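Peer 1: Structure file work_14.cif (mmCIF, C-alpha atoms) right here:
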data_work
loop_
_atom_site.label_atom_id
_atom_site.label_comp_id
_atom_site.auth_asym_id
_atom_site.auth_seq_id
_atom_site.Cartn_x
_atom_site.Cartn_y
_atom_site.Cartn_z
CA MET A 10 9.88 -17.15 10.13
CA ARG A 11 11.30 -16.03 6.79
CA PRO A 12 8.71 -14.15 4.67
CA ARG A 13 7.44 -15.96 1.60
CA SER A 14 7.74 -14.50 -1.89
CA GLU A 15 6.80 -17.47 -4.06
CA GLY A 16 5.90 -16.89 -7.67
CA ILE A 17 7.77 -13.59 -7.92
CA PRO A 18 10.30 -13.35 -10.79
CA VAL A 19 13.48 -12.10 -9.13
CA ALA A 20 15.99 -13.62 -11.54
CA SER A 21 15.52 -11.08 -14.31
CA LEU A 22 16.13 -8.18 -11.94
CA LEU A 23 19.20 -9.75 -10.36
CA GLU A 24 20.71 -10.31 -13.80
CA LYS A 25 20.84 -6.51 -14.11
CA LEU A 26 22.31 -6.13 -10.63
CA PRO A 27 25.38 -8.38 -10.54
CA GLY A 28 26.62 -8.94 -7.03
CA PHE A 29 23.19 -8.54 -5.41
CA ARG A 30 20.76 -11.06 -3.95
CA PHE A 31 17.51 -11.13 -1.99
CA ASP A 32 17.76 -12.12 1.66
CA ALA A 33 15.96 -11.70 4.98
CA LEU A 34 16.77 -8.46 6.76
CA THR A 35 17.33 -9.34 10.41
CA VAL A 36 18.53 -6.70 12.88
CA THR A 37 19.34 -7.75 16.44
CA GLY A 38 16.93 -6.29 19.00
CA ILE A 39 14.33 -5.18 16.44
CA ASP A 40 10.70 -6.20 16.96
CA ASN A 41 8.38 -5.62 13.99
CA SER A 42 5.19 -6.80 15.67
CA ARG A 43 3.65 -3.30 16.05
CA ALA A 44 4.02 -2.65 12.32
CA VAL A 45 2.50 -6.05 11.54
CA VAL A 46 -0.50 -5.25 13.75
CA ARG A 47 -0.87 -1.87 12.03
CA PHE A 48 -0.51 -3.00 8.40
CA GLY A 49 -1.26 -6.74 8.51
CA ALA A 50 0.87 -9.85 8.10
CA GLY A 51 1.48 -9.06 4.43
CA ILE A 52 3.92 -6.32 5.46
CA ARG A 53 6.38 -9.05 6.44
CA GLU A 54 7.07 -9.59 2.73
CA GLN A 55 9.16 -6.42 3.00
CA GLU A 56 11.46 -8.13 5.50
CA VAL A 57 13.12 -9.76 2.48
CA CYS A 58 15.16 -7.17 0.61
CA LEU A 59 18.05 -6.55 -1.71
CA PHE A 60 21.51 -7.37 -0.28
CA HIS A 61 24.93 -6.90 -1.80
CA GLU A 62 27.00 -10.09 -1.79
CA GLY A 63 29.64 -8.31 0.30
CA THR A 64 27.21 -7.83 3.21
CA ALA A 65 25.98 -10.87 5.10
CA THR A 66 23.48 -9.53 7.63
CA GLY A 67 21.23 -6.64 8.54
CA ASP A 68 23.45 -5.93 11.55
CA GLU A 69 26.40 -5.43 9.20
CA TYR A 70 24.41 -2.92 7.18
CA VAL A 71 23.43 -0.94 10.29
CA THR A 72 27.04 -0.92 11.46
CA MET A 73 28.29 0.15 8.03
CA LEU A 74 25.84 3.04 7.88
CA GLY A 75 26.80 4.16 11.38
CA GLU A 76 30.50 4.09 10.55
CA GLN A 77 29.97 6.15 7.41
CA VAL A 78 27.91 8.74 9.29
CA LEU A 79 30.62 9.06 11.97
CA CYS A 80 33.28 9.38 9.30
CA GLY A 81 31.24 12.02 7.49
CA MET A 82 30.94 14.11 10.64
CA ARG A 83 34.60 13.75 11.59
CA GLU A 84 35.95 14.49 8.13
CA ARG A 85 33.37 17.17 7.23
CA ARG A 86 32.32 15.21 4.18
CA GLY A 87 29.12 15.79 2.27
CA MET A 88 27.08 12.61 2.58
CA PRO A 89 23.40 12.45 1.57
CA VAL A 90 21.57 9.37 2.84
CA VAL A 91 18.28 9.15 0.99
CA ARG A 92 15.44 6.61 1.06
CA PHE A 93 13.17 5.77 -1.90
CA ALA A 94 9.83 3.95 -1.85
CA ASP A 95 6.37 4.15 -3.41
CA GLY A 96 6.13 7.95 -3.44
CA GLU A 97 9.48 8.39 -5.14
CA TYR A 98 8.79 5.55 -7.58
CA ALA A 99 5.55 7.23 -8.67
CA PHE A 100 7.26 10.64 -8.92
CA TYR A 101 10.04 9.38 -11.21
CA ARG A 102 7.37 7.70 -13.30
CA GLY A 103 5.68 11.06 -13.78
CA SER A 104 2.60 10.06 -11.80
CA LEU A 105 0.62 12.18 -9.35
CA ARG A 106 0.19 9.02 -7.28
CA CYS A 107 3.25 10.37 -5.53
CA ASN A 108 0.79 12.54 -3.60
CA GLY A 109 -0.11 10.29 -0.67
CA LEU A 110 0.20 11.41 2.94
CA TYR A 111 1.82 14.64 1.70
CA GLU A 112 1.56 16.82 -1.40
CA GLN A 113 4.69 16.16 -3.42
CA ALA A 114 3.92 17.53 -6.91
CA GLU A 115 1.31 19.93 -8.20
CA SER A 116 1.23 18.58 -11.77
CA VAL A 117 2.75 16.05 -14.14
CA GLU A 118 4.44 18.92 -15.94
CA ALA A 119 6.09 20.06 -12.70
CA ILE A 120 7.45 16.53 -12.23
CA ARG A 121 8.75 16.45 -15.79
CA GLU A 122 10.50 19.79 -15.37
CA GLY A 123 12.07 18.66 -12.09
CA ILE A 124 13.52 15.35 -13.30
CA PRO A 125 16.87 16.73 -14.61
CA ALA A 126 17.69 18.30 -11.22
CA HIS A 127 16.67 15.10 -9.41
CA ALA A 128 18.84 13.05 -11.76
CA GLU A 129 21.83 15.28 -11.04
CA ASP A 130 21.26 14.94 -7.30
CA LEU A 131 20.89 11.16 -7.62
CA ARG A 132 24.31 11.00 -9.28
CA TYR A 133 25.81 13.18 -6.55
CA ALA A 134 24.24 11.08 -3.79
CA ALA A 135 25.45 7.84 -5.39
CA GLU A 136 29.00 9.21 -5.66
CA THR A 137 29.24 10.73 -2.18
CA GLY A 138 26.57 9.16 -0.01
CA ILE A 139 24.05 6.33 0.22
CA LEU A 140 20.89 5.41 -1.68
CA ALA A 141 18.34 3.33 0.23
CA PRO A 142 15.54 2.20 -2.08
CA LEU A 143 12.83 -0.18 -0.88
CA VAL A 144 13.40 -3.25 -3.06
CA PHE A 145 11.69 -6.49 -2.08
CA PRO A 146 10.29 -9.37 -4.15
CA GLY A 147 6.79 -7.88 -4.16
CA ASN A 148 7.68 -4.60 -5.90
CA ILE A 149 9.97 -5.69 -8.72
CA GLY A 150 7.39 -6.94 -11.20
CA PRO A 151 3.85 -8.14 -11.80
CA VAL A 152 2.76 -11.33 -10.09
CA ARG A 153 0.28 -13.64 -11.78
CA ARG A 154 -1.97 -15.59 -9.45
CA LYS A 155 -4.49 -18.17 -10.53
CA PHE A 156 -8.15 -17.64 -9.70
CA PRO A 157 -11.09 -19.81 -10.75
CA ALA A 158 -11.54 -19.53 -14.53
CA PHE A 159 -9.06 -16.67 -15.04
CA TRP A 160 -5.66 -15.24 -14.21
CA LYS A 161 -5.37 -11.97 -12.38
CA ARG A 162 -2.36 -9.66 -12.52
CA ALA A 163 -1.31 -8.34 -9.10
CA GLY A 164 1.75 -6.87 -7.45
CA ASP A 165 3.72 -3.87 -8.70
CA ASP A 166 6.96 -3.03 -10.45
CA GLY A 167 7.77 0.29 -8.76
CA ALA A 168 11.23 -0.73 -7.60
CA ALA A 169 12.12 -2.33 -10.93
CA TYR A 170 11.14 0.86 -12.74
CA PHE A 171 13.18 2.98 -10.32
CA LEU A 172 16.26 0.81 -10.77
CA GLU A 173 15.91 1.19 -14.54
CA PHE A 174 15.50 4.94 -14.04
CA LEU A 175 18.78 4.97 -12.13
CA ARG A 176 20.55 3.00 -14.85
CA GLY A 177 19.20 5.34 -17.50
CA HIS A 178 20.73 8.31 -15.68
CA GLY A 179 24.11 6.75 -15.09
CA VAL A 180 23.53 5.71 -11.47
CA ARG A 181 24.56 2.24 -10.33
CA LEU A 182 24.11 0.68 -6.92
CA SER A 183 27.22 -0.80 -5.32
CA GLU A 184 28.45 -2.28 -2.07
CA THR A 185 29.49 1.18 -0.82
CA ASN A 186 26.59 3.38 -1.92
CA TYR A 187 23.58 1.15 -1.11
CA VAL A 188 21.80 0.05 2.04
CA PRO A 189 18.29 -1.42 2.30
CA PHE A 190 15.54 1.14 2.94
CA TYR A 191 14.76 -0.07 6.45
CA VAL A 192 18.38 -0.01 7.58
CA VAL A 193 18.13 3.78 7.71
CA TYR A 194 15.18 3.53 10.10
CA ALA A 195 16.92 0.87 12.18
CA TYR A 196 19.99 3.08 12.56
CA LEU A 197 18.22 6.38 13.21
CA THR A 198 16.09 4.87 15.97
CA SER A 199 19.02 3.08 17.62
CA ARG A 200 21.10 3.97 20.63
CA ALA A 201 24.16 3.84 18.36
CA PHE A 202 22.88 6.87 16.45
CA ALA A 203 21.99 8.70 19.65
CA VAL A 204 25.53 8.11 20.95
CA ALA A 205 27.03 9.26 17.64
CA VAL A 206 25.36 12.68 17.86
CA ASP A 207 25.76 13.19 21.61
CA GLY A 208 27.20 16.67 22.14
CA ARG A 209 27.08 17.49 18.42
CA LYS A 210 25.07 20.16 16.62
CA VAL A 211 22.18 18.52 14.78
CA CYS A 212 19.76 20.44 12.55
CA ILE A 213 16.20 19.22 12.16
CA LEU A 214 14.65 20.25 8.84
CA ASN A 215 10.93 19.56 8.90
CA ALA A 216 7.59 21.30 8.51
CA ASP A 217 6.60 20.41 12.08
CA ILE A 218 9.24 20.50 14.81
CA ASP A 219 8.52 19.83 18.48
CA MET A 220 11.85 20.65 20.09
CA ALA A 221 10.84 19.42 23.53
CA SER A 222 9.84 16.03 22.14
CA CYS A 223 13.04 15.74 20.09
CA ALA A 224 15.17 16.59 23.11
CA ALA A 225 13.26 14.05 25.20
CA TRP A 226 13.76 11.39 22.52
CA PHE A 227 17.53 11.76 22.62
CA SER A 228 17.63 12.20 26.39
CA ALA A 229 15.87 8.86 26.85
CA LEU A 230 18.84 7.34 25.01
CA SER A 231 21.35 9.24 27.21
CA SER A 232 22.20 11.62 24.37
CA ARG A 233 22.21 15.42 24.44
CA PRO A 234 22.90 16.87 21.02
CA SER A 235 22.52 20.61 20.41
CA LEU A 236 19.34 20.63 18.33
CA VAL A 237 18.66 23.43 15.83
CA PRO A 238 15.19 23.70 14.25
CA VAL A 239 15.09 24.63 10.55
CA PRO A 240 11.50 24.94 9.27
CA ILE A 241 10.84 23.71 5.75
CA PRO A 242 7.63 23.92 3.67
CA ALA A 243 5.23 21.02 4.05
CA SER A 244 4.42 20.70 0.34
CA TYR A 245 6.07 20.58 -3.09
CA VAL A 246 9.69 20.51 -1.94
CA ALA A 247 10.29 17.96 -4.70
CA THR A 248 9.26 20.39 -7.45
CA ARG A 249 9.91 23.83 -5.93
CA TRP A 250 13.17 23.33 -4.04
CA ASP A 251 15.11 25.77 -6.23
CA SER A 252 12.87 28.61 -5.01
CA MET A 253 13.13 27.48 -1.37
CA ARG A 254 16.80 26.55 -1.13
CA ASP A 255 18.43 29.81 -0.09
CA GLU A 256 15.92 30.65 2.65
CA VAL A 257 15.99 27.15 4.15
CA LEU A 258 19.75 26.63 4.01
CA HIS A 259 20.43 30.12 5.38
CA ALA A 260 18.99 28.84 8.68
CA VAL A 261 21.49 25.95 8.88
CA PRO A 262 24.48 26.96 11.05
CA ALA A 263 27.86 26.72 9.33
CA ASP A 264 29.17 24.58 12.20
CA ALA A 265 26.36 22.02 12.10
CA ASP A 266 27.59 18.42 12.32
CA LEU A 267 24.60 16.62 10.80
CA CYS A 268 21.12 17.27 9.44
CA LEU A 269 17.95 15.21 9.75
CA VAL A 270 15.54 15.94 6.91
CA GLY A 271 11.81 15.42 6.55
CA ALA A 272 10.79 16.52 3.06
CA GLY A 273 9.08 13.59 1.35
CA VAL A 274 10.17 13.08 -2.26
CA GLY A 275 12.06 16.36 -1.98
CA ALA A 276 14.45 14.93 0.62
CA LEU A 277 16.90 13.97 -2.13
CA ARG A 278 17.29 17.58 -3.26
CA VAL A 279 17.57 18.91 0.29
CA CYS A 280 20.10 16.31 1.43
CA ALA A 281 22.21 16.76 -1.70
CA ASP A 282 22.42 20.53 -1.32
CA ILE A 283 23.25 20.27 2.39
CA GLY A 284 26.08 17.91 1.46
CA ARG A 285 27.39 20.31 -1.18
CA ARG A 286 27.13 23.47 0.90
CA PHE A 287 28.09 22.30 4.40
CA SER A 288 30.14 19.13 3.78
CA ILE A 289 28.28 17.09 6.40
CA PRO A 290 25.96 14.08 6.45
CA ALA A 291 22.29 14.79 5.73
CA LEU A 292 19.90 11.93 6.43
CA ASP A 293 16.42 11.54 5.00
CA ALA A 294 14.79 10.64 8.31
CA GLY A 295 11.11 10.43 7.37
CA HIS A 296 9.12 8.40 9.88
CA ALA A 297 12.03 8.29 12.33
CA LEU A 298 11.87 12.08 12.53
CA ASN A 299 8.14 11.92 13.16
CA MET A 300 8.86 9.54 16.03
CA MET A 301 11.40 11.97 17.49
CA ASN A 302 8.79 14.72 17.18
CA ASP A 303 6.20 12.52 18.93
CA MET A 304 4.17 12.70 15.72
CA GLU A 305 4.16 9.05 14.73
CA LYS A 306 0.56 9.26 13.53
CA LYS A 307 1.61 11.88 10.97
CA SER A 308 3.18 9.11 8.91
CA ASP A 309 0.33 6.65 9.45
CA GLY A 310 1.54 4.73 12.46
CA ALA A 311 4.26 2.22 13.29
CA ARG A 312 6.82 1.22 10.66
CA LEU A 313 9.06 -1.79 10.26
CA TYR A 314 12.49 -1.72 11.90
CA THR A 315 11.82 1.16 14.27
CA ASP A 316 11.06 -0.72 17.51
CA HIS A 317 14.16 -1.62 19.51
CA ARG A 318 13.68 -4.00 22.44
#
Can you turn what I pasted into structure tokens?

Peer 2:
Amino acid sequence: MRPRSEGIPVASLLEKLPGFRFDALTVTGIDNSRAVVRFGAGIREQEVCLFHEGTATGDEYVTMLGEQVLCGMRERRGMPVVRFADGEYAFYRGSLRCNGLYEQAESVEAIREGIPAHAEDLRYAAETGILAPLVFPGNIGPVRRKFPAFWKRAGDDGAAYFLEFLRGHGVRLSETNYVPFYVVYAYLTSRAFAVAVDGRKVCILNADIDMASCAAWFSALSSRPSLVPVPIPASYVATRWDSMRDEVLHAVPADADLCLVGAGVGALRVCADIGRRFSIPALDAGHALNMMNDMEKKSDGARLYTDHR
């Protein structure tokens, strides 16, 4: 059943995004029931997301992402693939609410000082790679619902603010540089991705890395990439990346084919610099990486579009 989003003002946002629409994200073979059990039926509202008019289905988006990743590996092309959701939206708003499951910023001042570097990396990612913000009818503006004797304001405008932030820094979403947030999860947890990296050198940049679990994950999908662990700090990558960069990237082999990154809000900066320095795809893997590490609980349980049946 298609999720409901009645009463949510989508028209004003779409006027600023010509060529985009909201539609149901359906991916063949995906079962979201575990995520619904974990977070409640309301999570299904996120199954409606922003689509470009040139893309008809979720399957097309997953295929497009896969083709671009393969092309990036073959051609040795820098290609950051970065997701954005509540944590990033709070960060770019200068709010310490970005500190949720992980510590992302130590102060509002640290966020403010880091914005110019993030803006530069956003422009680079939009020009060379893919941006995957979570945009659904429930996070593009306040919703007014009627209660007895008064009106109550609910909902949030995190995605709308982020899209304005992008516009203000010269970044525009297009058919070629955008995929829905959950398409990245659907691709990274698919057999298609496992096949794409079979026999290739894949670096895993994360604070916690269980190599045996990662190898078992790929093996279960008949894939045997050469996995290289690259430890990265667990906190404040978003604000302190400049002081971490050289040590972290020194551990990435020059002949790596692809990197999977777990760095919270800092994933943008990490993926962008990997793209610049090594000319390869770098994917902000987030929860998918926790699944590969057999650490699903680290990111608070099951997520949408990660269960393939």

Peer 1: To one decimal in Å, tell me the separation between CA of Ser183 in chain A and CA of Val204 in chain A.

Peer 2: 27.8 Å

Peer 1: Which residues, named as in the file, does the PyMOL selection byres ((chain A and resi 221) around 12) pick out? Answer as number ranges by chain.

Peer 2: A: 218-220, 222-228, 236-238, 301-303

Peer 1: Can you list, as a ChimeraX atom specification, every protein, DNA or RNA residue that comes within 10 Å of Gly310 in chain A when you count all atoms listed in the file, leaving out same-chain residues fewer than 6 positions away?

Peer 2: /A:43-44,47-48,296,299-300,304

Peer 1: Check the smallest atom-to-atom distance from each of A:Gly295, A:Thr185, A:Gly167, A:Gly138 to Gly81 in chain A using only C-alpha atoms, then report the winner.

Peer 2: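 Using only C-alpha atoms, the shortest distance to Gly81 in chain A belongs to A:Gly138.
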
Peer 1: To one decimal in Å, tell me the separation between CA of Gly67 in chain A and CA of Tyr194 in chain A.

Peer 2: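 Rounded to one decimal, the two atoms are 11.9 Å apart.
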
Peer 1: I need the residue nearest His317 in chain A from this list: A:Asp32, A:Tyr133, A:Met73, A:Ala201. Use only C-alpha atoms for the distance.

Peer 2: A:Ala201

Peer 1: What do you get, as number ranges by chain, if you spell out every residue that the PyMOL selection byres ((chain A and resi 262-279) around 6) selects here?

Peer 2: A: 82, 91, 97, 210-215, 246-247, 261, 280-282, 289-295

Peer 1: Pull C-alpha atoms from the residues just selected and write them as a PDB file, keeping the file's coordinate frame.

Peer 2:
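File produced: selection12.pdb:
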ATOM      1  CA  MET A  82      30.940  14.110  10.640  1.00  0.00           C
ATOM      2  CA  VAL A  91      18.280   9.150   0.990  1.00  0.00           C
ATOM      3  CA  GLU A  97       9.480   8.390  -5.140  1.00  0.00           C
ATOM      4  CA  LYS A 210      25.070  20.160  16.620  1.00  0.00           C
ATOM      5  CA  VAL A 211      22.180  18.520  14.780  1.00  0.00           C
ATOM      6  CA  CYS A 212      19.760  20.440  12.550  1.00  0.00           C
ATOM      7  CA  ILE A 213      16.200  19.220  12.160  1.00  0.00           C
ATOM      8  CA  LEU A 214      14.650  20.250   8.840  1.00  0.00           C
ATOM      9  CA  ASN A 215      10.930  19.560   8.900  1.00  0.00           C
ATOM     10  CA  VAL A 246       9.690  20.510  -1.940  1.00  0.00           C
ATOM     11  CA  ALA A 247      10.290  17.960  -4.700  1.00  0.00           C
ATOM     12  CA  VAL A 261      21.490  25.950   8.880  1.00  0.00           C
ATOM     13  CA  CYS A 280      20.100  16.310   1.430  1.00  0.00           C
ATOM     14  CA  ALA A 281      22.210  16.760  -1.700  1.00  0.00           C
ATOM     15  CA  ASP A 282      22.420  20.530  -1.320  1.00  0.00           C
ATOM     16  CA  ILE A 289      28.280  17.090   6.400  1.00  0.00           C
ATOM     17  CA  PRO A 290      25.960  14.080   6.450  1.00  0.00           C
ATOM     18  CA  ALA A 291      22.290  14.790   5.730  1.00  0.00           C
ATOM     19  CA  LEU A 292      19.900  11.930   6.430  1.00  0.00           C
ATOM     20  CA  ASP A 293      16.420  11.540   5.000  1.00  0.00           C
ATOM     21  CA  ALA A 294      14.790  10.640   8.310  1.00  0.00           C
ATOM     22  CA  GLY A 295      11.110  10.430   7.370  1.00  0.00           C
TER      23      GLY A 295
END

Peer 1: Give me the result of the PyMOL selection byres ((chain A and resi 110) around 12) on this file, residue by residue, as a count of residues only.

Peer 2: 21

Peer 1: From the set A:Asp251, A:Glu62, A:Glu54, A:Glu76, which residue has the shortest atom-to-atom contact distance to Leu23 in chain A, counting all atoms listed in the file?

Peer 2: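 Result for the nearest residue to Leu23 in chain A: A:Glu62.
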
Peer 1: Could I see range 55-82 of chain A restored to N, CA and C atoms, set down as a compact mmCIF listing (two decimals), in the coordinates of the input?

Peer 2:
# COMPACT_ATOMS: atom_id res chain seq x y z
N GLN A 55 8.11 -7.43 3.15
CA GLN A 55 9.16 -6.42 3.00
C GLN A 55 10.37 -6.69 3.88
N GLU A 56 10.31 -7.74 4.69
CA GLU A 56 11.46 -8.13 5.50
C GLU A 56 12.50 -8.89 4.67
N VAL A 57 12.16 -9.22 3.44
CA VAL A 57 13.12 -9.76 2.48
C VAL A 57 13.49 -8.63 1.54
N CYS A 58 14.78 -8.33 1.41
CA CYS A 58 15.16 -7.17 0.61
C CYS A 58 16.46 -7.42 -0.12
N LEU A 59 16.85 -6.44 -0.91
CA LEU A 59 18.05 -6.55 -1.71
C LEU A 59 19.29 -6.42 -0.84
N PHE A 60 20.22 -7.35 -0.99
CA PHE A 60 21.51 -7.37 -0.28
C PHE A 60 22.63 -7.38 -1.31
N HIS A 61 23.72 -6.71 -1.00
CA HIS A 61 24.93 -6.90 -1.80
C HIS A 61 25.66 -8.12 -1.28
N GLU A 62 26.33 -8.86 -2.19
CA GLU A 62 27.00 -10.09 -1.79
C GLU A 62 28.10 -9.86 -0.76
N GLY A 63 28.60 -8.61 -0.66
CA GLY A 63 29.64 -8.31 0.30
C GLY A 63 29.13 -8.07 1.71
N THR A 64 27.81 -8.08 1.89
CA THR A 64 27.21 -7.83 3.21
C THR A 64 26.35 -9.03 3.58
N ALA A 65 26.63 -9.61 4.73
CA ALA A 65 25.98 -10.87 5.10
C ALA A 65 24.68 -10.68 5.87
N THR A 66 24.62 -9.65 6.73
CA THR A 66 23.48 -9.53 7.63
C THR A 66 22.97 -8.09 7.74
N GLY A 67 21.76 -7.97 8.27
CA GLY A 67 21.23 -6.64 8.54
C GLY A 67 22.07 -5.88 9.55
N ASP A 68 22.59 -6.59 10.56
CA ASP A 68 23.45 -5.93 11.55
C ASP A 68 24.68 -5.31 10.89
N GLU A 69 25.25 -5.99 9.90
CA GLU A 69 26.40 -5.43 9.20
C GLU A 69 26.03 -4.16 8.47
N TYR A 70 24.85 -4.13 7.87
CA TYR A 70 24.41 -2.92 7.18
C TYR A 70 24.24 -1.75 8.15
N VAL A 71 23.62 -2.01 9.31
CA VAL A 71 23.43 -0.94 10.29
C VAL A 71 24.77 -0.42 10.77
N THR A 72 25.71 -1.33 11.03
CA THR A 72 27.04 -0.92 11.46
C THR A 72 27.76 -0.11 10.39
N MET A 73 27.65 -0.56 9.13
CA MET A 73 28.29 0.15 8.03
C MET A 73 27.75 1.58 7.90
N LEU A 74 26.43 1.71 7.98
CA LEU A 74 25.84 3.04 7.88
C LEU A 74 26.33 3.92 9.02
N GLY A 75 26.34 3.38 10.23
CA GLY A 75 26.80 4.16 11.38
C GLY A 75 28.25 4.61 11.22
N GLU A 76 29.10 3.72 10.73
CA GLU A 76 30.50 4.09 10.55
C GLU A 76 30.67 5.18 9.51
N GLN A 77 29.87 5.12 8.44
CA GLN A 77 29.97 6.15 7.41
C GLN A 77 29.47 7.50 7.92
N VAL A 78 28.42 7.49 8.73
CA VAL A 78 27.91 8.74 9.29
C VAL A 78 28.96 9.36 10.22
N LEU A 79 29.57 8.55 11.08
CA LEU A 79 30.62 9.06 11.97
C LEU A 79 31.79 9.62 11.17
N CYS A 80 32.18 8.92 10.14
CA CYS A 80 33.28 9.38 9.30
C CYS A 80 32.92 10.69 8.61
N GLY A 81 31.68 10.80 8.14
CA GLY A 81 31.24 12.02 7.49
C GLY A 81 31.26 13.22 8.41
N MET A 82 30.90 13.01 9.68
CA MET A 82 30.94 14.11 10.64
C MET A 82 32.38 14.48 10.99
